[in-house]
file upload-v4.txt (compact mmCIF, C-alpha atoms)
# COMPACT_ATOMS: atom_id res chain seq x y z
CA MET A 281 -34.07 71.22 -35.69
CA SER A 282 -32.11 68.02 -35.28
CA ASP A 283 -33.63 67.57 -31.80
CA LEU A 284 -37.08 67.64 -33.30
CA ALA A 285 -36.07 65.04 -35.85
CA LYS A 286 -34.52 62.88 -33.16
CA GLU A 287 -37.66 63.10 -31.04
CA LYS A 288 -39.81 62.14 -33.98
CA ALA A 289 -37.56 59.19 -34.77
CA ALA A 290 -37.68 58.06 -31.14
CA ARG A 291 -41.44 58.31 -31.16
CA LEU A 292 -41.69 56.29 -34.38
CA LEU A 293 -39.41 53.61 -32.99
CA LYS A 294 -41.47 53.40 -29.85
CA LYS A 295 -44.63 52.98 -31.88
CA ARG A 296 -43.03 50.28 -34.01
CA GLY A 297 -41.74 48.55 -30.90
CA SER A 298 -45.24 47.83 -29.77
CA VAL A 299 -46.36 46.12 -33.00
CA SER A 300 -48.71 43.25 -32.66
CA SER A 301 -50.62 41.49 -35.39
CA ILE A 302 -54.28 42.03 -36.03
CA GLY A 303 -55.15 38.82 -34.23
CA SER A 304 -55.02 37.88 -30.65
CA HIS A 305 -52.19 35.42 -30.37
CA ASP A 306 -49.27 37.65 -31.22
CA PHE A 307 -49.68 40.03 -28.31
CA LYS A 308 -46.30 41.36 -27.40
CA ALA A 309 -46.66 41.80 -23.68
CA ARG A 310 -45.78 45.45 -23.61
CA GLU A 311 -46.08 45.71 -19.90
CA THR A 312 -46.99 43.09 -17.36
CA ALA A 313 -47.79 44.09 -13.85
CA LYS A 314 -48.20 41.43 -11.20
CA PHE A 315 -50.51 42.28 -8.38
CA LYS A 316 -51.27 40.05 -5.45
CA ASP A 317 -53.29 37.51 -7.39
CA SER A 318 -53.88 39.06 -10.78
CA ILE A 319 -51.88 39.61 -13.92
CA SER A 320 -52.63 42.19 -16.54
CA THR A 321 -51.10 42.70 -19.94
CA LEU A 322 -51.38 45.66 -22.25
CA SER A 323 -51.23 45.37 -25.98
CA TYR A 324 -51.60 47.82 -28.79
CA ILE A 325 -52.65 47.29 -32.33
CA ASP A 326 -50.45 48.58 -35.07
CA GLU A 327 -50.73 47.83 -38.78
CA PRO A 328 -47.35 46.99 -40.32
CA GLY A 329 -48.10 48.65 -43.61
CA HIS A 330 -49.25 51.96 -42.24
CA HIS A 331 -46.29 53.53 -40.48
CA ASP A 332 -45.96 56.23 -43.11
CA ASP A 333 -49.59 57.24 -42.76
CA ASN A 334 -49.21 57.70 -39.03
CA THR A 335 -46.52 60.33 -39.40
CA ARG A 336 -48.63 62.71 -41.44
CA THR A 337 -50.75 65.15 -39.53
CA ALA A 338 -54.48 64.72 -39.71
CA VAL A 339 -56.10 66.29 -42.72
CA GLN A 340 -58.35 69.25 -42.04
CA MET A 341 -61.58 68.53 -43.87
CA GLU A 342 -63.59 71.19 -45.60
CA ASN A 343 -67.07 71.91 -44.34
CA THR A 344 -69.69 69.81 -46.14
CA TYR A 345 -72.71 71.73 -44.77
CA GLN A 346 -74.36 68.34 -44.48
CA LEU A 347 -76.48 67.97 -41.36
CA ALA A 348 -77.12 64.23 -41.46
CA PRO A 349 -76.02 61.23 -43.52
CA TYR A 350 -77.80 60.91 -46.86
CA GLN A 351 -77.75 57.14 -46.56
CA ARG A 352 -78.16 55.49 -43.18
CA PHE A 353 -76.30 52.35 -42.16
CA PRO A 354 -78.32 49.26 -43.17
CA VAL A 355 -78.41 47.30 -39.91
CA VAL A 356 -80.62 44.50 -41.19
CA THR A 357 -78.42 43.84 -44.24
CA VAL A 358 -75.35 43.70 -42.02
CA ASN A 359 -77.10 41.27 -39.65
CA GLU A 360 -77.67 39.00 -42.64
CA ILE A 361 -74.01 39.31 -43.66
CA LEU A 362 -72.86 38.33 -40.17
CA LYS A 363 -75.20 35.35 -40.02
CA ASP A 364 -74.13 34.27 -43.48
CA VAL A 365 -70.37 34.54 -42.89
CA LEU A 366 -70.34 32.91 -39.46
CA THR A 367 -72.55 30.02 -40.53
CA ASN A 368 -70.61 29.34 -43.71
CA TYR A 369 -67.21 29.42 -42.05
CA LEU A 370 -67.99 27.67 -38.79
CA GLN A 371 -70.92 25.29 -39.25
CA GLU A 372 -68.80 22.19 -39.69
CA GLU A 373 -65.79 23.24 -37.64
CA HIS A 374 -64.59 21.76 -34.39
CA TYR A 375 -62.76 23.95 -31.90
CA GLU A 376 -58.99 23.78 -32.32
CA ALA A 377 -56.60 26.43 -31.03
CA GLU A 378 -54.62 26.95 -34.24
CA LEU A 379 -57.61 26.80 -36.55
CA CYS A 380 -59.69 29.24 -34.54
CA ARG A 381 -56.81 31.64 -34.14
CA GLN A 382 -56.56 31.90 -37.91
CA MET A 383 -60.32 31.83 -38.32
CA THR A 384 -60.95 34.88 -36.11
CA LYS A 385 -58.55 36.97 -38.14
CA THR A 386 -59.88 35.72 -41.47
CA ILE A 387 -63.53 36.20 -40.51
CA SER A 388 -62.97 39.72 -39.26
CA GLU A 389 -61.28 40.66 -42.53
CA VAL A 390 -64.01 39.00 -44.60
CA ILE A 391 -66.79 40.78 -42.72
CA LYS A 392 -65.03 44.12 -43.02
CA ALA A 393 -64.67 43.59 -46.78
CA ARG A 394 -68.32 42.68 -47.21
CA VAL A 395 -69.54 45.63 -45.19
CA LYS A 396 -67.26 47.91 -47.22
CA GLU A 397 -68.85 46.51 -50.39
CA LEU A 398 -72.14 48.03 -49.26
CA MET A 399 -70.45 51.36 -49.93
CA VAL A 400 -72.26 53.35 -47.26
CA PRO A 401 -70.61 56.76 -47.59
CA ARG A 402 -68.97 58.56 -44.64
CA TYR A 403 -69.20 55.61 -42.23
CA LYS A 404 -66.21 54.17 -40.38
CA ILE A 405 -66.43 50.46 -39.56
CA ILE A 406 -65.18 48.47 -36.57
CA VAL A 407 -65.56 44.68 -36.61
CA LEU A 408 -64.98 42.67 -33.43
CA ILE A 409 -64.98 38.84 -33.49
CA SER A 410 -64.68 36.42 -30.56
CA ILE A 411 -64.51 32.67 -31.02
CA GLY A 412 -64.38 30.42 -27.97
CA GLN A 413 -64.59 26.81 -26.94
CA LEU A 414 -67.79 25.50 -25.42
CA SER A 415 -67.12 23.90 -22.08
CA ASP A 416 -68.39 24.31 -18.53
CA GLN A 417 -67.51 27.95 -18.34
CA ASN A 418 -69.75 30.94 -18.35
CA MET A 419 -69.00 34.13 -20.19
CA ARG A 420 -70.44 37.64 -20.33
CA VAL A 421 -69.67 40.24 -23.00
CA GLY A 422 -70.83 43.84 -22.73
CA SER A 423 -70.12 47.08 -24.52
CA ARG A 424 -70.92 50.75 -24.12
CA CYS A 425 -70.50 53.44 -26.71
CA LEU A 426 -70.16 57.18 -26.47
CA TRP A 427 -71.29 58.48 -29.84
CA ASP A 428 -74.00 60.29 -31.74
CA ALA A 429 -77.00 58.03 -31.19
CA SER A 430 -78.96 59.40 -34.13
CA ASN A 431 -76.33 58.50 -36.75
CA ASP A 432 -74.14 55.78 -35.26
CA THR A 433 -75.23 52.20 -34.76
CA PHE A 434 -74.09 48.64 -34.32
CA SER A 435 -75.00 45.13 -35.40
CA SER A 436 -74.37 41.88 -33.57
CA TYR A 437 -74.76 38.13 -34.14
CA ALA A 438 -73.94 35.11 -31.99
CA PHE A 439 -73.38 31.68 -33.51
CA LYS A 440 -73.09 28.33 -31.76
CA ASN A 441 -72.39 24.76 -32.80
CA SER A 442 -71.58 21.63 -30.82
CA SER A 443 -68.03 22.59 -29.83
CA LEU A 444 -67.60 26.32 -30.25
CA PHE A 445 -69.36 29.63 -30.12
CA ALA A 446 -68.66 32.78 -32.12
CA LEU A 447 -69.71 36.37 -31.52
CA ALA A 448 -69.52 39.08 -34.18
CA ASN A 449 -70.02 42.80 -33.46
CA VAL A 450 -69.96 45.50 -36.11
CA TYR A 451 -69.94 49.17 -35.02
CA ALA A 452 -70.60 51.90 -37.58
CA VAL A 453 -69.57 55.45 -36.72
CA TYR A 454 -70.63 58.37 -38.91
CA PHE A 455 -67.80 60.64 -39.98
CA GLU A 456 -69.18 64.13 -39.52
CA MET B 26 -66.03 83.10 -29.85
CA GLU B 27 -63.40 81.03 -28.10
CA GLU B 28 -62.70 77.60 -29.55
CA TYR B 29 -62.55 74.80 -27.01
CA ASN B 30 -60.11 72.92 -29.20
CA ALA B 31 -56.94 74.64 -30.40
CA GLY B 32 -57.89 73.56 -33.91
CA GLU B 33 -55.36 70.77 -34.35
CA GLU B 34 -56.27 67.09 -34.35
CA VAL B 35 -54.68 64.87 -31.74
CA SER B 36 -54.26 61.16 -32.38
CA PHE B 37 -55.45 58.59 -29.91
CA ASN B 38 -53.04 57.93 -27.04
CA ALA B 39 -53.22 54.20 -26.42
CA ASP B 40 -50.87 54.26 -23.40
CA GLU B 41 -52.96 56.66 -21.42
CA ALA B 42 -56.20 54.86 -22.27
CA SER B 43 -54.86 51.45 -21.30
CA VAL B 44 -53.67 52.73 -17.93
CA THR B 45 -57.09 54.24 -17.28
CA VAL B 46 -58.87 51.04 -18.24
CA LYS B 47 -56.57 48.83 -16.17
CA GLU B 48 -57.26 50.93 -13.09
CA CYS B 49 -61.01 50.64 -13.69
CA ILE B 50 -60.83 46.86 -13.94
CA GLU B 51 -58.71 46.59 -10.80
CA GLY B 52 -61.11 48.80 -8.93
CA ILE B 53 -64.15 46.76 -9.86
CA ILE B 54 -63.10 43.10 -9.93
CA GLY B 55 -59.60 43.14 -8.45
CA GLY B 56 -59.32 40.45 -5.78
CA LEU B 57 -62.78 38.98 -6.43
CA ASP B 58 -63.63 35.47 -7.62
CA TYR B 59 -65.93 34.66 -10.51
CA ASN B 60 -69.54 35.00 -9.39
CA GLN B 61 -72.31 34.09 -11.78
CA ASN B 62 -74.83 36.42 -10.13
CA LYS B 63 -72.61 39.45 -10.19
CA VAL B 64 -70.86 39.16 -13.54
CA ASN B 65 -73.61 41.02 -15.38
CA GLN B 66 -73.20 43.94 -13.01
CA TRP B 67 -69.41 43.79 -13.33
CA THR B 68 -69.32 44.04 -17.11
CA ALA B 69 -71.75 46.93 -17.01
CA SER B 70 -69.74 48.78 -14.35
CA ILE B 71 -66.42 48.19 -16.07
CA VAL B 72 -67.60 49.58 -19.41
CA GLU B 73 -69.44 52.51 -17.88
CA HIS B 74 -66.63 53.41 -15.56
CA SER B 75 -63.98 53.15 -18.30
CA LEU B 76 -66.11 55.26 -20.59
CA THR B 77 -66.55 58.01 -17.99
CA GLN B 78 -62.84 58.06 -17.22
CA LEU B 79 -61.95 58.22 -20.92
CA VAL B 80 -64.39 61.08 -21.48
CA LYS B 81 -62.87 62.99 -18.56
CA GLN B 82 -59.66 63.25 -20.55
CA GLY B 83 -61.50 65.77 -22.67
CA LYS B 84 -60.25 64.57 -26.05
CA PRO B 85 -62.50 64.96 -29.14
CA PHE B 86 -63.27 61.27 -29.68
CA LYS B 87 -66.23 58.95 -29.96
CA PHE B 88 -65.54 55.82 -27.88
CA ILE B 89 -66.58 52.19 -28.10
CA VAL B 90 -65.67 50.06 -25.09
CA ASN B 91 -66.14 46.28 -25.22
CA CYS B 92 -65.63 44.01 -22.22
CA ALA B 93 -65.65 40.21 -22.04
CA ILE B 94 -65.42 38.34 -18.73
CA MET B 95 -64.89 34.60 -18.87
CA GLN B 96 -64.65 32.02 -16.14
CA LYS B 97 -61.39 30.04 -16.09
CA SER B 98 -62.09 26.47 -17.00
CA GLY B 99 -59.39 25.52 -19.48
CA ALA B 100 -61.47 26.51 -22.47
CA GLY B 101 -59.90 28.67 -25.16
CA LEU B 102 -60.98 32.08 -26.41
CA HIS B 103 -59.83 34.05 -29.46
CA THR B 104 -60.67 37.67 -30.23
CA ALA B 105 -59.88 39.65 -33.36
CA ASN B 106 -60.87 43.00 -34.72
CA SER B 107 -60.65 44.72 -38.04
CA CYS B 108 -61.26 48.44 -38.54
CA TYR B 109 -61.93 50.69 -41.47
CA TRP B 110 -60.99 54.22 -40.38
CA ASP B 111 -58.46 56.99 -40.60
CA THR B 112 -55.25 55.60 -39.10
CA ALA B 113 -53.79 59.05 -38.50
CA THR B 114 -56.44 60.10 -36.00
CA ASP B 115 -58.26 56.95 -34.83
CA GLY B 116 -56.92 54.14 -32.73
CA SER B 117 -57.65 51.29 -30.37
CA CYS B 118 -56.17 49.46 -27.45
CA THR B 119 -56.87 46.15 -25.75
CA VAL B 120 -56.22 45.24 -22.14
CA ARG B 121 -56.14 41.63 -20.99
CA TRP B 122 -56.51 41.01 -17.28
CA GLU B 123 -56.72 37.78 -15.35
CA ASN B 124 -56.78 36.49 -11.84
CA ARG B 125 -57.15 33.06 -10.32
CA THR B 126 -60.73 32.44 -11.43
CA MET B 127 -61.48 34.57 -14.47
CA TYR B 128 -60.24 36.41 -17.56
CA CYS B 129 -61.27 39.90 -18.52
CA VAL B 130 -60.59 41.40 -21.98
CA VAL B 131 -61.44 45.05 -22.56
CA SER B 132 -61.13 46.70 -26.00
CA VAL B 133 -61.36 50.44 -26.49
CA PHE B 134 -61.87 51.95 -29.94
CA ALA B 135 -61.58 55.71 -30.43
CA VAL B 136 -62.86 57.48 -33.54
CA ALA B 137 -61.97 61.14 -33.99
CA VAL B 138 -64.64 63.81 -34.18
CA THR B 139 -63.95 66.74 -36.43
CA CYS B 140 -64.79 69.98 -34.66
call {"tool": "encode", "arguments": {"input": "upload-v4.txt", "output": "structure tokens"}}
result
Amino acid sequence: MSDLAKEKAARLLKKRGSVSSIGSHDFKARETAKFKDSISTLSYIDEPGHHDDNTRTAVQMENTYQLAPYQRFPVVTVNEILKDVLTNYLQEEHYEAELCRQMTKTISEVIKARVKELMVPRYKIIVLISIGQLSDQNMRVGSRCLWDASNDTFSSYAFKNSSLFALANVYAVYFE
Amino acid sequence: MEEYNAGEEVSFNADEASVTVKECIEGIIGGLDYNQNKVNQWTASIVEHSLTQLVKQGKPFKFIVNCAIMQKSGAGLHTANSCYWDTATDGSCTVRWENRTMYCVVSVFAVAVTC
């Protein structure tokens, strides 16, 4: 019995040891492996306020007998939200490391809050924001999703001004 | 009828996923320099390959894999994500990889499927 408790405590500690903030700059390099000419770092995302929730076992949901969502995810509305938020926050801004670091985190929280306000039932939301400096470089972003194509969907918007670019992706996954 | 799943939910294992993804990246762009003509192909292969490997683990999850490849030129890039889900069962992990000429950032999000 005490072994089980010790194992659980060790597991919890390990999870807490890999905490990193929601944003990108506080990555705790959990593991760095140096190959011949490449470096890779792994980082996990852990929310500081949710350790207690992680210890409970997943709740077994009762059968709803629902075959499909009653309300589908409003892609067009969300597109408007993304355009609105990105333009309002970034139209006048110039790229600066500290400002954009904070901005990515703030914008992702703001977009999540506004999409939640739409109150689309039984949908889980993932918001992904990238803000980068415009210079001579080239960049390619791609994503693939394994999900139920009839119910799940995504929305995307790219914004650009004279010194920076911003990309916002929102994925909506139906909770069966 | 035999149940494929034992009936208990497993939470997302970020360690295993990140190892899988790192191997995929290494296999596809390890040792190569940034090439404008090929980068489209690379992002597509990295996401598809990672997705197939993740699915092979046989866990009951829906996956979203996002990959960004950027040429190294001194410019800065910030990425953030915010998720509204069940923290007990769902999870994500991000792998940053770089070599002499480019950066590659791959994010994997896993949402549990109830059986």
call {"tool": "closest_residue", "arguments": {"input": "upload-v4.txt", "among": "A:Val450, A:Asp428, A:Ser423, A:Tyr437", "to": "Glu389 (chain A)", "atoms": "only C-alpha atoms"}}
result
A:Val450
call {"tool": "atom_distance", "arguments": {"input": "upload-v4.txt", "atom1": "CA of Gln82 (chain B)", "atom2": "CA of Phe37 (chain B)"}}
result
11.3 Å
call {"tool": "residues_near_point", "arguments": {"input": "upload-v4.txt", "point": "(-72.3, 56.4, -26.4)", "cutoff": "12 Å", "atoms": "only C-alpha atoms", "output": "list in words"}}
result
Ser423, Arg424, Cys425, Leu426, Trp427, Asp428, Ala429, Ser430, Asn431, Asp432, Thr433, Phe434, Tyr451 and Val453 of chain A; Val72, Glu73, Leu76, Thr77, Leu79, Val80, Phe86, Lys87, Phe88, Ile89, Val90, Asn91, Phe134, Ala135 and Val136 of chain B
call {"tool": "closest_atom_pairs", "arguments": {"input": "upload-v4.txt", "of": "chain B", "to": "chain A", "cutoff": "8 Å", "atoms": "all atoms listed in the file", "output": "tab-separated table"}}
result
residue	atom	partner	partner_atom	distance
B:Glu34	CA	A:Ala338	CA	6.1
B:Val35	CA	A:Ala338	CA	8.0
B:Ala39	CA	A:Tyr324	CA	7.0
B:Ser43	CA	A:Leu322	CA	6.8
B:Lys47	CA	A:Ser320	CA	7.7
B:Gly55	CA	A:Ser318	CA	7.4
B:Gly56	CA	A:Asp317	CA	6.9
B:Gln61	CA	A:Asn418	CA	7.7
B:Val64	CA	A:Arg420	CA	7.0
B:Asn65	CA	A:Arg420	CA	6.8
B:Thr68	CA	A:Gly422	CA	5.8
B:Ala69	CA	A:Gly422	CA	6.6
B:Val72	CA	A:Arg424	CA	5.9
B:Glu73	CA	A:Arg424	CA	6.7
B:Leu76	CA	A:Leu426	CA	7.4
B:Lys87	CA	A:Trp427	CA	5.1
B:Phe88	CA	A:Leu426	CA	5.0
B:Ile89	CA	A:Cys425	CA	4.3
B:Val90	CA	A:Arg424	CA	5.4
B:Asn91	CA	A:Ser423	CA	4.1
B:Cys92	CA	A:Gly422	CA	5.2
B:Ala93	CA	A:Val421	CA	4.1
B:Ile94	CA	A:Arg420	CA	5.3
B:Met95	CA	A:Met419	CA	4.3
B:Gln96	CA	A:Gln417	CA	5.4
B:Lys97	CA	A:Gln417	CA	6.8
B:Ser98	CA	A:Gln417	CA	5.8
B:Ala100	CA	A:Gln413	CA	5.5
B:Gly101	CA	A:Gln413	CA	5.4
B:Leu102	CA	A:Gly412	CA	4.1
B:His103	CA	A:Ile411	CA	5.1
B:Thr104	CA	A:Ser410	CA	4.2
B:Ala105	CA	A:Gly303	CA	4.9
B:Asn106	CA	A:Leu408	CA	4.3
B:Ser107	CA	A:Val407	CA	5.1
B:Cys108	CA	A:Ile406	CA	4.4
B:Tyr109	CA	A:Ile405	CA	4.9
B:Trp110	CA	A:Lys404	CA	5.2
B:Thr112	CA	A:Asn334	CA	6.4
B:Ala113	CA	A:Asn334	CA	4.8
B:Thr114	CA	A:Ala338	CA	6.2
B:Ser117	CA	A:Ile325	CA	6.7
B:Cys118	CA	A:Tyr324	CA	5.0
B:Thr119	CA	A:Ser323	CA	5.7
B:Val120	CA	A:Leu322	CA	4.9
B:Arg121	CA	A:Thr321	CA	5.3
B:Trp122	CA	A:Ser320	CA	4.1
B:Glu123	CA	A:Ile319	CA	5.4
B:Asn124	CA	A:Ser318	CA	4.0
B:Arg125	CA	A:Asp317	CA	6.6
B:Val136	CA	A:Val453	CA	7.7
B:Val138	CA	A:Glu456	CA	7.0
B:Thr139	CA	A:Glu456	CA	6.6
call {"tool": "closest_residue", "arguments": {"input": "upload-v4.txt", "among": "A:Pro401, A:Pro354, A:His374, A:Thr344", "to": "Asn441 (chain A)", "atoms": "all atoms listed in the file"}}
result
A:His374
call {"tool": "atom_distance", "arguments": {"input": "upload-v4.txt", "atom1": "CA of Gln66 (chain B)", "atom2": "CA of Val46 (chain B)"}}
result
16.8 Å
call {"tool": "atom_distance", "arguments": {"input": "upload-v4.txt", "atom1": "CA of Leu370 (chain A)", "atom2": "CA of Ala438 (chain A)"}}
result
11.7 Å
call {"tool": "residues_around", "arguments": {"input": "upload-v4.txt", "residues": "Leu57 (chain B)", "least_positions_apart": "3", "cutoff": "9 Å", "atoms": "all atoms listed in the file", "output": "ChimeraX atom specification"}}
result
/B:53-54,60,124,126
call {"tool": "closest_residue", "arguments": {"input": "upload-v4.txt", "among": "B:Ser36, B:Gln78, B:Glu51, B:Gly116", "to": "Ser132 (chain B)", "atoms": "only C-alpha atoms"}}
result
B:Gly116
call {"tool": "axis_aligned_box", "arguments": {"input": "upload-v4.txt", "around": "region 100-119 of chain B", "padding_each_side": "8 Å", "output": "AutoDock Vina command-line options"}}
result
--center_x -57.9 --center_y 43.3 --center_z -32.0 --size_x 24.1 --size_y 49.6 --size_z 35.0
